[in-house]
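Raw contents of input_24.txt, compact mmCIF, C-alpha atoms and all ligand atoms:
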# COMPACT_ATOMS: atom_id res chain seq x y z
CA MET A 1157 -11.95 21.38 -22.78
CA ASN A 1158 -13.35 17.85 -22.64
CA THR A 1159 -13.71 16.17 -19.29
CA GLN A 1160 -10.76 13.81 -19.76
CA ASN A 1161 -8.46 16.78 -20.39
CA LYS A 1162 -9.95 18.66 -17.45
CA ILE A 1163 -9.25 15.76 -15.08
CA GLN A 1164 -5.69 15.44 -16.36
CA THR A 1165 -5.07 19.17 -16.01
CA GLU A 1166 -6.49 19.33 -12.48
CA ASP A 1167 -4.61 16.19 -11.48
CA ARG A 1168 -1.36 17.81 -12.62
CA GLU A 1169 -2.23 21.01 -10.79
CA TYR A 1170 -3.45 19.63 -7.47
CA ILE A 1171 -2.04 16.14 -6.96
CA ALA A 1172 1.56 15.42 -6.02
CA GLY A 1173 3.32 14.14 -9.09
CA THR A 1174 4.19 10.67 -7.79
CA TYR A 1175 2.30 8.68 -10.43
CA ASN A 1176 3.02 8.35 -14.12
CA ARG A 1177 -0.60 7.62 -15.05
CA PHE A 1178 -1.90 6.17 -18.29
CA PRO A 1179 -4.05 8.70 -20.19
CA VAL A 1180 -7.27 6.96 -19.19
CA ALA A 1181 -9.89 8.06 -16.64
CA LEU A 1182 -11.96 5.09 -15.54
CA VAL A 1183 -15.45 5.89 -14.32
CA SER A 1184 -17.26 2.57 -13.90
CA GLY A 1185 -16.77 -1.15 -14.06
CA LYS A 1186 -18.53 -4.49 -13.83
CA GLY A 1187 -16.67 -7.74 -13.34
CA SER A 1188 -13.59 -7.68 -15.56
CA ILE A 1189 -14.81 -4.84 -17.80
CA ALA A 1190 -13.89 -1.24 -17.03
CA THR A 1191 -15.37 1.79 -18.81
CA ASP A 1192 -13.58 5.11 -19.26
CA ILE A 1193 -15.00 8.60 -19.31
CA ASN A 1194 -15.38 8.50 -23.11
CA GLY A 1195 -17.42 5.29 -22.95
CA LYS A 1196 -14.60 3.01 -24.15
CA ASN A 1197 -14.54 -0.48 -22.60
CA TYR A 1198 -11.46 -2.39 -21.50
CA ILE A 1199 -10.82 -5.95 -20.34
CA ASP A 1200 -9.07 -5.52 -17.02
CA MET A 1201 -5.96 -7.65 -16.56
CA SER A 1202 -4.61 -5.62 -13.63
CA SER A 1203 -7.32 -5.68 -10.90
CA GLY A 1204 -6.12 -2.34 -9.54
CA ILE A 1205 -2.78 -4.08 -8.83
CA ALA A 1206 -4.07 -7.37 -7.43
CA VAL A 1207 -6.80 -5.71 -5.37
CA ASN A 1208 -10.15 -6.39 -7.07
CA ILE A 1209 -10.09 -10.16 -6.50
CA PHE A 1210 -13.63 -10.58 -7.87
CA GLY A 1211 -13.49 -7.71 -10.35
CA PHE A 1212 -15.29 -4.38 -10.28
CA CYS A 1213 -18.41 -3.94 -8.17
CA ASP A 1214 -18.78 -7.62 -7.36
CA GLU A 1215 -22.37 -8.00 -6.12
CA VAL A 1216 -21.71 -10.16 -3.06
CA TRP A 1217 -18.98 -7.82 -1.82
CA GLN A 1218 -21.07 -4.77 -2.67
CA ARG A 1219 -24.00 -6.11 -0.61
CA ALA A 1220 -21.73 -6.94 2.34
CA ILE A 1221 -20.19 -3.46 2.51
CA SER A 1222 -23.49 -1.64 1.85
CA GLU A 1223 -25.32 -3.52 4.59
CA GLN A 1224 -22.49 -2.84 7.06
CA ALA A 1225 -22.33 0.85 6.02
CA ALA A 1226 -26.02 1.16 6.79
CA LYS A 1227 -25.50 -0.40 10.26
CA LEU A 1228 -22.23 0.98 11.65
CA GLN A 1229 -19.24 2.37 9.75
CA HIS A 1230 -16.56 2.69 12.44
CA THR A 1231 -16.16 2.16 16.17
CA SER A 1232 -12.42 2.55 17.00
CA ASN A 1233 -10.53 -0.38 18.44
CA LEU A 1234 -11.66 0.48 21.97
CA PHE A 1235 -14.79 -1.60 21.35
CA TYR A 1236 -15.44 -5.12 20.09
CA SER A 1237 -16.59 -5.47 16.49
CA GLU A 1238 -18.20 -8.52 14.94
CA PRO A 1239 -17.04 -8.18 11.29
CA CYS A 1240 -13.44 -7.74 12.48
CA THR A 1241 -13.62 -10.80 14.75
CA LYS A 1242 -15.30 -12.86 12.04
CA LEU A 1243 -12.56 -12.02 9.54
CA ALA A 1244 -9.79 -12.89 12.00
CA HIS A 1245 -11.50 -16.21 12.79
CA LEU A 1246 -11.81 -17.04 9.09
CA LEU A 1247 -8.17 -16.15 8.36
CA CYS A 1248 -6.96 -18.37 11.21
CA GLU A 1249 -9.29 -21.21 10.26
CA LYS A 1250 -8.12 -21.17 6.64
CA THR A 1251 -4.39 -20.84 7.35
CA GLY A 1252 -3.77 -22.49 10.70
CA MET A 1253 -2.27 -19.23 11.95
CA LYS A 1254 -3.24 -18.33 15.52
CA LYS A 1255 -3.89 -14.59 15.72
CA VAL A 1256 -4.29 -11.55 13.48
CA PHE A 1257 -3.57 -7.81 13.69
CA PHE A 1258 -5.48 -5.56 11.28
CA SER A 1259 -4.16 -2.39 9.65
CA ASN A 1260 -4.82 -0.55 6.40
CA SER A 1261 -2.12 -1.35 3.87
CA GLY A 1262 0.64 -3.69 2.86
CA ALA A 1263 3.38 -1.48 4.25
CA GLU A 1264 1.61 -1.36 7.61
CA ALA A 1265 1.08 -5.13 7.64
CA ASN A 1266 4.83 -5.53 7.10
CA GLU A 1267 5.69 -2.92 9.75
CA CYS A 1268 3.67 -4.95 12.24
CA ALA A 1269 5.47 -8.13 11.16
CA VAL A 1270 8.84 -6.49 11.76
CA LYS A 1271 7.84 -5.00 15.13
CA THR A 1272 6.61 -8.42 16.24
CA ALA A 1273 9.79 -10.16 15.07
CA ARG A 1274 12.00 -7.62 16.84
CA LYS A 1275 10.05 -7.92 20.09
CA TYR A 1276 10.14 -11.73 19.92
CA ALA A 1277 13.89 -11.76 19.34
CA ALA A 1278 14.56 -9.10 22.00
CA ASP A 1279 12.59 -11.08 24.62
CA LYS A 1280 14.11 -14.41 23.63
CA LYS A 1281 17.71 -13.63 22.65
CA GLY A 1282 18.42 -10.02 23.55
CA GLU A 1283 17.82 -6.56 22.15
CA ASP A 1284 20.80 -6.73 19.82
CA PHE A 1285 19.07 -9.46 17.77
CA PHE A 1286 17.21 -6.95 15.62
CA THR A 1287 18.41 -7.59 12.06
CA ILE A 1288 15.83 -8.47 9.43
CA ILE A 1289 17.20 -10.16 6.32
CA THR A 1290 15.21 -9.49 3.14
CA LEU A 1291 16.02 -10.28 -0.48
CA LYS A 1292 17.45 -8.13 -3.21
CA ASN A 1293 14.86 -7.23 -5.83
CA SER A 1294 12.12 -7.37 -3.17
CA PHE A 1295 9.38 -4.83 -2.49
CA HIS A 1296 7.87 -4.36 0.95
CA GLY A 1297 6.30 -0.88 0.88
CA ARG A 1298 6.87 2.86 0.98
CA THR A 1299 7.24 3.87 4.63
CA ILE A 1300 10.79 4.69 5.62
CA SER A 1301 11.21 1.33 7.37
CA MET A 1302 9.68 -0.66 4.52
CA LEU A 1303 11.87 1.21 2.02
CA SER A 1304 14.76 0.01 4.15
CA ALA A 1305 13.38 -3.52 3.95
CA THR A 1306 12.97 -3.25 0.18
CA GLY A 1307 16.06 -4.68 -1.50
CA GLN A 1308 16.24 -2.22 -4.41
CA GLU A 1309 18.75 0.62 -4.21
CA HIS A 1310 16.84 3.04 -6.41
CA TYR A 1311 14.00 3.24 -3.87
CA HIS A 1312 16.50 4.28 -1.18
CA GLU A 1313 18.46 6.98 -2.91
CA LEU A 1314 16.59 10.18 -2.04
CA PHE A 1315 15.37 9.21 1.40
CA ARG A 1316 18.32 8.52 3.64
CA PRO A 1317 18.88 7.99 6.49
CA LEU A 1318 16.88 4.78 6.38
CA THR A 1319 15.86 2.61 9.32
CA PRO A 1320 18.84 0.56 10.49
CA GLY A 1321 18.74 -3.19 10.87
CA PHE A 1322 17.84 -4.41 7.37
CA VAL A 1323 20.28 -6.35 5.19
CA HIS A 1324 19.62 -7.80 1.75
CA ALA A 1325 20.54 -11.21 0.36
CA GLU A 1326 20.82 -12.21 -3.28
CA PRO A 1327 17.82 -14.46 -4.08
CA GLU A 1328 18.55 -18.16 -4.76
CA ASN A 1329 21.96 -17.92 -3.08
CA PHE A 1330 21.48 -19.75 0.22
CA ASP A 1331 25.14 -19.26 1.20
CA GLU A 1332 24.46 -15.57 1.43
CA ILE A 1333 21.74 -16.23 4.01
CA LEU A 1334 24.30 -18.24 6.01
CA LYS A 1335 26.85 -15.44 5.69
CA LEU A 1336 24.44 -12.66 6.66
CA THR A 1337 23.05 -14.57 9.64
CA SER A 1338 26.58 -15.25 10.88
CA GLU A 1339 27.52 -11.56 10.54
CA ASN A 1340 24.29 -10.09 11.98
CA LYS A 1341 22.30 -10.97 15.07
CA THR A 1342 19.14 -11.86 13.18
CA ALA A 1343 15.51 -11.61 14.28
CA ALA A 1344 13.83 -12.69 11.03
CA ILE A 1345 14.11 -13.47 7.36
CA MET A 1346 11.39 -11.85 5.25
CA ILE A 1347 10.57 -13.04 1.72
CA GLU A 1348 7.99 -12.75 -1.04
CA CYS A 1349 7.57 -16.25 -2.51
CA ILE A 1350 6.87 -14.53 -5.84
CA GLN A 1351 8.65 -11.18 -6.14
CA GLY A 1352 5.91 -9.01 -7.61
CA GLU A 1353 7.28 -5.51 -8.19
CA GLY A 1354 10.62 -7.21 -8.84
CA GLY A 1355 9.33 -8.63 -12.15
CA VAL A 1356 7.02 -11.51 -11.11
CA VAL A 1357 9.80 -13.91 -10.19
CA ALA A 1358 8.86 -17.04 -8.20
CA LEU A 1359 11.50 -18.30 -5.76
CA SER A 1360 12.52 -21.93 -6.21
CA GLN A 1361 11.12 -24.71 -4.02
CA GLU A 1362 14.60 -25.73 -2.81
CA TYR A 1363 15.67 -22.23 -1.83
CA VAL A 1364 12.49 -21.40 0.10
CA LYS A 1365 12.56 -24.77 1.85
CA LYS A 1366 16.20 -24.30 2.85
CA ILE A 1367 15.46 -20.85 4.29
CA ALA A 1368 12.44 -22.17 6.22
CA ASP A 1369 14.36 -25.14 7.67
CA PHE A 1370 17.36 -23.01 8.58
CA ALA A 1371 15.17 -20.36 10.22
CA LYS A 1372 13.34 -22.98 12.26
CA GLU A 1373 16.56 -24.67 13.44
CA ASN A 1374 18.01 -21.35 14.56
CA ASP A 1375 14.88 -19.81 16.06
CA ILE A 1376 14.97 -17.06 13.44
CA LEU A 1377 11.44 -16.06 12.42
CA LEU A 1378 10.23 -16.55 8.86
CA ILE A 1379 8.03 -13.70 7.61
CA VAL A 1380 6.27 -14.17 4.28
CA ASP A 1381 5.04 -10.98 2.60
CA GLU A 1382 1.80 -12.06 0.92
CA VAL A 1383 0.59 -8.55 0.17
CA GLN A 1384 0.45 -9.17 -3.58
CA THR A 1385 0.67 -12.97 -3.78
CA GLY A 1386 -2.03 -13.68 -1.20
CA ASN A 1387 -5.76 -14.27 -1.22
CA GLY A 1388 -5.91 -16.86 -4.00
CA ARG A 1389 -3.71 -15.04 -6.51
CA SER A 1390 -1.06 -17.81 -6.76
CA GLY A 1391 -3.57 -20.64 -7.14
CA LYS A 1392 -3.38 -21.41 -3.41
CA LEU A 1393 -4.93 -19.27 -0.69
CA TYR A 1394 -1.46 -17.93 0.24
CA SER A 1395 1.58 -18.40 -1.96
CA TYR A 1396 3.62 -20.08 0.81
CA MET A 1397 1.16 -22.97 0.50
CA ASN A 1398 2.79 -23.78 -2.85
CA TYR A 1399 5.96 -24.49 -0.85
CA ASP A 1400 6.30 -27.06 1.89
CA ILE A 1401 6.81 -24.47 4.65
CA GLN A 1402 5.09 -22.94 7.68
CA PRO A 1403 5.88 -19.23 8.17
CA ASP A 1404 5.85 -17.68 11.63
CA ILE A 1405 4.33 -14.44 10.37
CA VAL A 1406 2.31 -13.77 7.20
CA SER A 1407 1.42 -10.26 6.08
CA THR A 1408 -1.25 -9.56 3.51
CA ALA A 1409 -3.26 -6.65 2.12
CA LYS A 1410 -4.17 -5.76 -1.50
CA GLY A 1411 -6.69 -8.46 -2.51
CA LEU A 1412 -8.03 -9.22 0.96
CA GLY A 1413 -10.38 -6.22 1.00
CA GLY A 1414 -11.68 -6.74 -2.53
CA GLY A 1415 -11.19 -3.02 -3.23
CA LEU A 1416 -11.18 -1.34 0.18
CA PRO A 1417 -7.97 -0.72 2.14
CA ILE A 1418 -6.95 -3.37 4.64
CA GLY A 1419 -3.76 -4.92 5.93
CA ALA A 1420 -3.54 -8.09 8.01
CA THR A 1421 -0.59 -9.57 9.87
CA MET A 1422 -1.09 -13.20 10.87
CA PHE A 1423 0.86 -14.78 13.70
CA GLY A 1424 1.78 -18.45 14.04
CA GLU A 1425 2.15 -20.47 17.23
CA LYS A 1426 5.53 -19.07 18.30
CA VAL A 1427 4.61 -15.39 18.08
CA GLN A 1428 0.89 -15.41 18.81
CA ASN A 1429 1.29 -13.69 22.17
CA VAL A 1430 4.25 -11.43 21.42
CA LEU A 1431 2.23 -8.23 21.02
CA GLY A 1432 0.46 -7.11 24.17
CA TYR A 1433 -1.52 -4.09 25.35
CA GLY A 1434 -0.13 -0.88 23.91
CA ASP A 1435 2.51 -2.54 21.73
CA HIS A 1436 0.77 -1.68 18.47
CA GLY A 1437 -2.42 -0.09 17.18
CA SER A 1438 -4.27 1.48 14.30
CA THR A 1439 -7.22 3.89 14.23
CA PHE A 1440 -8.86 2.44 11.15
CA GLY A 1441 -7.45 -1.10 11.39
CA GLY A 1442 -10.24 -3.69 11.40
CA ASN A 1443 -12.82 -1.20 10.15
CA PRO A 1444 -16.25 -2.91 10.12
CA ILE A 1445 -17.16 -2.03 6.51
CA VAL A 1446 -13.81 -3.15 5.14
CA CYS A 1447 -13.88 -6.35 7.23
CA ALA A 1448 -17.45 -7.20 6.21
CA GLY A 1449 -16.32 -6.93 2.58
CA ALA A 1450 -13.19 -8.98 3.25
CA VAL A 1451 -15.26 -11.75 4.90
CA SER A 1452 -17.38 -11.93 1.73
CA ILE A 1453 -14.18 -12.32 -0.32
CA LEU A 1454 -12.41 -14.84 1.89
CA GLU A 1455 -15.50 -17.05 2.27
CA ARG A 1456 -15.48 -17.62 -1.49
CA LEU A 1457 -11.78 -18.44 -1.85
CA ASP A 1458 -12.42 -22.18 -1.61
CA GLU A 1459 -10.63 -25.11 -3.23
CA LYS A 1460 -12.98 -25.05 -6.25
CA LEU A 1461 -12.14 -21.43 -7.00
CA LEU A 1462 -8.42 -22.00 -6.46
CA GLU A 1463 -8.48 -24.95 -8.83
CA ASP A 1464 -10.10 -22.68 -11.40
CA VAL A 1465 -7.30 -20.12 -10.89
CA ARG A 1466 -4.72 -22.83 -11.61
CA ARG A 1467 -6.65 -23.96 -14.69
CA LYS A 1468 -6.87 -20.40 -16.05
CA SER A 1469 -3.17 -19.96 -15.38
CA LYS A 1470 -2.42 -22.97 -17.55
CA LEU A 1471 -4.70 -21.65 -20.29
CA LEU A 1472 -2.87 -18.33 -20.25
CA SER A 1473 0.56 -19.99 -20.47
CA GLU A 1474 -0.58 -22.14 -23.38
CA THR A 1475 -1.95 -19.11 -25.20
CA PHE A 1476 1.21 -17.06 -24.69
CA ALA A 1477 3.39 -19.94 -25.90
CA LYS A 1478 2.01 -19.33 -29.40
CA PHE A 1479 3.48 -15.84 -29.69
CA ASN A 1480 7.07 -15.32 -30.82
CA GLY A 1481 7.28 -11.90 -29.19
CA ILE A 1482 6.93 -13.52 -25.75
CA GLU A 1483 10.21 -15.06 -24.60
CA ALA A 1484 9.17 -16.35 -21.18
CA VAL A 1485 6.15 -16.58 -18.92
CA THR A 1486 6.93 -16.32 -15.19
CA GLY A 1487 4.95 -16.29 -11.95
CA MET A 1488 2.22 -18.51 -10.61
CA GLY A 1489 -1.57 -18.75 -10.78
CA LEU A 1490 -3.07 -15.48 -12.00
CA MET A 1491 0.06 -13.50 -11.18
CA MET A 1492 2.07 -13.62 -14.38
CA GLY A 1493 5.05 -11.90 -15.87
CA LEU A 1494 5.81 -11.81 -19.59
CA LYS A 1495 9.36 -11.36 -20.77
CA THR A 1496 8.98 -9.80 -24.19
CA LYS A 1497 11.24 -9.06 -27.16
CA LYS A 1498 9.86 -5.54 -27.50
CA ASP A 1499 9.86 -2.93 -24.72
CA ALA A 1500 7.23 -3.89 -22.12
CA SER A 1501 5.95 -0.36 -21.45
CA GLU A 1502 5.40 0.24 -25.18
CA ILE A 1503 3.44 -3.02 -25.36
CA VAL A 1504 1.31 -2.04 -22.36
CA LYS A 1505 0.47 1.27 -24.07
CA ALA A 1506 -0.56 -0.62 -27.22
CA CYS A 1507 -2.65 -3.06 -25.14
CA ILE A 1508 -4.52 -0.18 -23.53
CA GLU A 1509 -5.20 1.38 -26.94
CA ASN A 1510 -6.54 -2.01 -28.00
CA GLY A 1511 -8.83 -2.28 -24.99
CA VAL A 1512 -6.82 -4.34 -22.46
CA LEU A 1513 -5.60 -2.91 -19.15
CA CYS A 1514 -2.30 -4.38 -18.03
CA ILE A 1515 0.75 -3.07 -16.20
CA THR A 1516 4.50 -3.64 -15.98
CA ALA A 1517 6.88 -4.87 -13.29
CA LYS A 1518 10.51 -3.97 -14.01
CA ASP A 1519 11.07 -4.94 -17.67
CA ARG A 1520 8.15 -7.40 -17.75
CA ILE A 1521 4.46 -7.16 -18.51
CA ARG A 1522 2.57 -8.03 -15.34
CA LEU A 1523 -0.85 -9.66 -15.46
CA LEU A 1524 -3.13 -9.80 -12.42
CA PRO A 1525 -6.68 -10.42 -13.68
CA ALA A 1526 -9.64 -10.88 -11.36
CA LEU A 1527 -9.72 -14.50 -10.16
CA ASN A 1528 -13.27 -14.93 -11.51
CA ILE A 1529 -12.58 -13.46 -14.97
CA PRO A 1530 -14.71 -15.35 -17.52
CA GLU A 1531 -12.63 -17.65 -19.71
CA ASP A 1532 -13.70 -16.00 -22.98
CA LEU A 1533 -12.59 -12.56 -21.77
CA LEU A 1534 -9.33 -13.98 -20.45
CA LEU A 1535 -8.49 -15.59 -23.78
CA LYS A 1536 -9.57 -12.52 -25.73
CA ALA A 1537 -7.29 -10.34 -23.59
CA ALA A 1538 -4.41 -12.83 -23.85
CA ASN A 1539 -4.62 -12.84 -27.65
CA ILE A 1540 -4.69 -9.02 -27.81
CA ILE A 1541 -1.65 -8.89 -25.48
CA GLY A 1542 0.11 -11.58 -27.53
CA LYS A 1543 -0.47 -9.67 -30.79
CA CYS A 1544 0.80 -6.44 -29.22
CA CYS A 1545 4.01 -8.31 -28.35
CA GLU A 1546 4.72 -9.33 -31.98
C1 LIG A 1601 2.11 -3.55 -2.84
C2 LIG A 1601 3.03 -4.25 -1.95
C3 LIG A 1601 3.38 -3.74 -0.69
C4 LIG A 1601 2.90 -2.38 -0.22
O1 LIG A 1601 1.53 -2.35 -0.06
P1 LIG A 1601 0.79 -0.94 0.20
O2 LIG A 1601 -0.64 -1.34 0.45
O3 LIG A 1601 0.97 -0.14 -1.05
O4 LIG A 1601 1.44 -0.32 1.37
C5 LIG A 1601 4.19 -4.49 0.13
N1 LIG A 1601 4.66 -5.69 -0.27
C6 LIG A 1601 4.36 -6.22 -1.48
C7 LIG A 1601 4.90 -7.56 -1.84
C8 LIG A 1601 3.55 -5.51 -2.37
O5 LIG A 1601 3.28 -6.02 -3.57
Go ahead and render the structure in this file as structure tokens.
Amino acid sequence: MNTQNKIQTEDREYIAGTYNRFPVALVSGKGSIATDINGKNYIDMSSGIAVNIFGFCDEVWQRAISEQAAKLQHTSNLFYSEPCTKLAHLLCEKTGMKKVFFSNSGAEANECAVKTARKYAADKKGEDFFTIITLKNSFHGRTISMLSATGQEHYHELFRPLTPGFVHAEPENFDEILKLTSENKTAAIMIECIQGEGGVVALSQEYVKKIADFAKENDILLIVDEVQTGNGRSGKLYSYMNYDIQPDIVSTAKGLGGGLPIGATMFGEKVQNVLGYGDHGSTFGGNPIVCAGAVSILERLDEKLLEDVRRKSKLLSETFAKFNGIEAVTGMGLMMGLKTKKDASEIVKACIENGVLCITAKDRIRLLPALNIPEDLLLKAANIIGKCCE
């Protein structure tokens, strides 16, 4: 039995069958090149689902986490920790948000956002103002409460009863927001500016602006889920910065840690002091190694890099426009969806056989390359993907 088969067999035997994996076992990587157990190389256009912002084994990040691992790996949140404080300071400095809570994943970052919104509304308006409005076709995570927040029925089916207090509005239909807020005592509206799992669909400027203005006028909090869209992915540091809005709460995760698990919930002016002693916590949240790595990522997400993301995005769109098999390119920055004539999952399989790692979102191909992917690799991958679409 070769090693690839052995891994697949053991995986089937010992790991819960929640993932429909591609038949590839990756063993090493450098930048935007990944190598599998048989020595085959791939151009990575997925970044471990928007996680490896600077590719595999980025040297600056690697140094930051190694040095911290050699000093102190964990302290618990009962003690002060410099890397954690430094990361929070940087996040606030770069966003204008006022305070941060650290956790370990996107779902947890969103849970914290919802807890904060409910406490704010309960203090300000009364405990019956608990409803959180999210959008249909959204994705907010896998915990029972975040499944409830997620506006896609098929995620709910096997796991009822769900957490009460979440209602879902049809995206781009502002009247539905008006209707739902009149029917439900509402604490917050939570959106992804670009619906990632939902097929890489960017919300329109007008719609997002209307929601933000309405929320502000009615003292309803605006939560933006930046778990996938954040940390430079959209061509701005956070995707809401592409819209003329100021959220009250921003959650992020995936790319922030550069490959280690982290979640962050950022609080604006209004909600900065809502959570007090004992209201929330996390054993691993703000872990020094993870935070040291995240600092090394965030420090490099400057305007020059973001401009480069926007330039590469344009290059990709121009390249894809040449292929007849691609009907539409959606998304923003280096978070792109391809609507294809042929079945997207078949195309992704063909891409992988041809040495390009990409993934799907709904019926689209989803592309999330490392933000620093060299232009020649990006174009090479785009042309392979384009050909696989024909
Ligand atoms: C991935 C994702 C989540 C869940 O993040 P986990 O780290 O898997 O819990 C939540 N929201 C959005 C928009 C995501 O893309």
Using only C-alpha atoms and all ligand atoms, I'd like a table of the residues in chain A that come within 7 Å of ligand LIG 1601 (chain A); for each, show the closest atom pair and its distance in Å rounded to one decimal, ordered by chain and ascending number, as CSV.
residue,atom,partner,partner_atom,distance
A:Ser1261,CA,A:LIG1601,O2,3.7
A:Gly1262,CA,A:LIG1601,O1,3.3
A:Ala1263,CA,A:LIG1601,O4,3.7
A:Glu1264,CA,A:LIG1601,O4,6.3
A:Phe1295,CA,A:LIG1601,C7,5.3
A:His1296,CA,A:LIG1601,N1,3.7
A:Gly1297,CA,A:LIG1601,C4,3.9
A:Arg1298,CA,A:LIG1601,O4,6.3
A:Glu1348,CA,A:LIG1601,C7,6.1
A:Gln1351,CA,A:LIG1601,C7,6.8
A:Gly1352,CA,A:LIG1601,O5,5.7
A:Glu1353,CA,A:LIG1601,O5,6.1
A:Asp1381,CA,A:LIG1601,C7,5.6
A:Glu1382,CA,A:LIG1601,C7,6.1
A:Val1383,CA,A:LIG1601,C6,4.7
A:Gln1384,CA,A:LIG1601,O5,4.2
A:Ala1409,CA,A:LIG1601,O2,6.2
A:Lys1410,CA,A:LIG1601,O2,6.0
Checklist entry - A:Leu1494: which residues within 12 Å, counting all atoms listed in the file, same-chain residues fewer than 4 positions away excluded, as a PyMOL selection string? => result chain A and resi 1355-1357+1472-1473+1476-1477+1479-1488+1498-1501+1503-1504+1514-1524+1538+1541-1542+1545
Next on the checklist: Which residues are near A:His1310? Cut-off 12 Å, all atoms listed in the file, ignore same chain within fewer than 3 positions. Put them as a PyMOL selection string.
Outcome noted: chain A and resi 1292-1295+1303-1304+1306-1307+1313-1316
May I have the selected residues written with C-alpha atoms, as a CSV table (one decimal), keeping the file's coordinate frame?
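Written output follows (result-v3.csv):
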chain,number,residue,atom,x,y,z
A,1292,LYS,CA,17.4,-8.1,-3.2
A,1293,ASN,CA,14.9,-7.2,-5.8
A,1294,SER,CA,12.1,-7.4,-3.2
A,1295,PHE,CA,9.4,-4.8,-2.5
A,1303,LEU,CA,11.9,1.2,2.0
A,1304,SER,CA,14.8,0.0,4.2
A,1306,THR,CA,13.0,-3.2,0.2
A,1307,GLY,CA,16.1,-4.7,-1.5
A,1313,GLU,CA,18.5,7.0,-2.9
A,1314,LEU,CA,16.6,10.2,-2.0
A,1315,PHE,CA,15.4,9.2,1.4
A,1316,ARG,CA,18.3,8.5,3.6
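Across A:Asp1400, A:Glu1531, A:Asp1192, A:Glu1455, the tightest approach to A:Leu1412 is made by A:Glu1455 when counting only C-alpha atoms.
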Using the file's own x, y and z axes, what box holds all listed atoms of stretch 1254-1266 of chain A with 8 Å on each side, keeping edges along x, y and z, and what are its centre and edge lengths in Å to one decimal, as AutoDock Vina command-line options?
--center_x -0.3 --center_y -9.4 --center_z 9.3 --size_x 26.3 --size_y 33.8 --size_z 28.9
Checklist entry - Looking at A:Ala1450, A:Met1492, A:Leu1527, A:Ala1371, which one is nearest to A:Phe1258, with distances taken over all atoms listed in the file? => result A:Ala1450
Item to check | Residue nearest A:Ile1508 - candidates A:Pro1179, A:Gly1204, A:Pro1525, A:Pro1417, atoms counted: only C-alpha atoms | outcome: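 Nearest to A:Ile1508: A:Pro1179.
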Checklist entry - What is the atom CA of A:His1436-atom CA of A:Phe1257 distance in Å, reported with one decimal? => result 8.9 Å
Item to check | Polymer residues at most 6 Å from (-1.5, -10.2, 7.1) by all atoms listed in the file, as a VMD selection string | outcome: chain A and resid 1265 1406 to 1408 1419 to 1422
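You can rank A:Ala1190, A:Ile1405, A:Leu1334, A:Cys1447 by their closest distance to A:Thr1241 using all atoms listed in the file, and at the top of that list sits A:Cys1447.
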Checklist entry - For the atom pair atom CA of A:Gly1185 and atom CA of A:Phe1212, what is the interatomic distance in Å to one decimal place? => result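 Computing it gives 5.2 Å between the two atoms.
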Checklist entry - With all atoms listed in the file as the atoms that count, which of A:Ala1537, A:Phe1423, A:Val1270, A:Glu1546 lies nearest to A:Asp1200? => result A:Ala1537
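Atom CA of A:Gly1414 is found 6.5 Å from atom CA of A:Ile1453.
If you measure from each of A:Ile1445, A:Gly1354, A:Gly1391, A:Val1256 to A:Trp1217 using all atoms listed in the file, the closest one turns out to be A:Ile1445.
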Checklist entry - Near A:Ser1469, within 7 Å and counting all atoms listed in the file, which residues show up once chain neighbours fewer than 4 positions away are dropped, as a ChimeraX atom specification? => result /A:1465,1473,1489-1490
Give me the residues within 10 Å of stretch 1338-1341 of chain A as a PDB file with C-alpha atoms, in the frame of the given file, counting only C-alpha atoms and dropping any in the same chain fewer than 4 places off.
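What landed in result-v1.pdb:
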ATOM      1  CA  ALA A1277      13.890 -11.760  19.340  1.00  0.00           C
ATOM      2  CA  LYS A1281      17.710 -13.630  22.650  1.00  0.00           C
ATOM      3  CA  GLY A1282      18.420 -10.020  23.550  1.00  0.00           C
ATOM      4  CA  GLU A1283      17.820  -6.560  22.150  1.00  0.00           C
ATOM      5  CA  ASP A1284      20.800  -6.730  19.820  1.00  0.00           C
ATOM      6  CA  PHE A1285      19.070  -9.460  17.770  1.00  0.00           C
ATOM      7  CA  PHE A1286      17.210  -6.950  15.620  1.00  0.00           C
ATOM      8  CA  THR A1287      18.410  -7.590  12.060  1.00  0.00           C
ATOM      9  CA  ILE A1288      15.830  -8.470   9.430  1.00  0.00           C
ATOM     10  CA  ILE A1289      17.200 -10.160   6.320  1.00  0.00           C
ATOM     11  CA  GLY A1321      18.740  -3.190  10.870  1.00  0.00           C
ATOM     12  CA  PHE A1322      17.840  -4.410   7.370  1.00  0.00           C
ATOM     13  CA  VAL A1323      20.280  -6.350   5.190  1.00  0.00           C
ATOM     14  CA  GLU A1332      24.460 -15.570   1.430  1.00  0.00           C
ATOM     15  CA  ILE A1333      21.740 -16.230   4.010  1.00  0.00           C
ATOM     16  CA  LEU A1334      24.300 -18.240   6.010  1.00  0.00           C
ATOM     17  CA  ILE A1376      14.970 -17.060  13.440  1.00  0.00           C
TER      18      ILE A1376
END
Which neighbours of A:Gly1195 fall inside 12 Å, counting only C-alpha atoms, when residues of the same chain fewer than 5 positions from it are skipped, and could you give them as an mmCIF file with C-alpha atoms, in the frame of the given file?
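As a result, selection_16.cif now contains:
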data_model
loop_
_atom_site.group_PDB
_atom_site.id
_atom_site.type_symbol
_atom_site.label_atom_id
_atom_site.label_comp_id
_atom_site.auth_asym_id
_atom_site.auth_seq_id
_atom_site.Cartn_x
_atom_site.Cartn_y
_atom_site.Cartn_z
ATOM 1 C CA GLN A 1160 -10.760 13.810 -19.760
ATOM 2 C CA VAL A 1180 -7.270 6.960 -19.190
ATOM 3 C CA ALA A 1181 -9.890 8.060 -16.640
ATOM 4 C CA LEU A 1182 -11.960 5.090 -15.540
ATOM 5 C CA VAL A 1183 -15.450 5.890 -14.320
ATOM 6 C CA SER A 1184 -17.260 2.570 -13.900
ATOM 7 C CA GLY A 1185 -16.770 -1.150 -14.060
ATOM 8 C CA ILE A 1189 -14.810 -4.840 -17.800
ATOM 9 C CA ALA A 1190 -13.890 -1.240 -17.030
ATOM 10 C CA GLY A 1511 -8.830 -2.280 -24.990
#
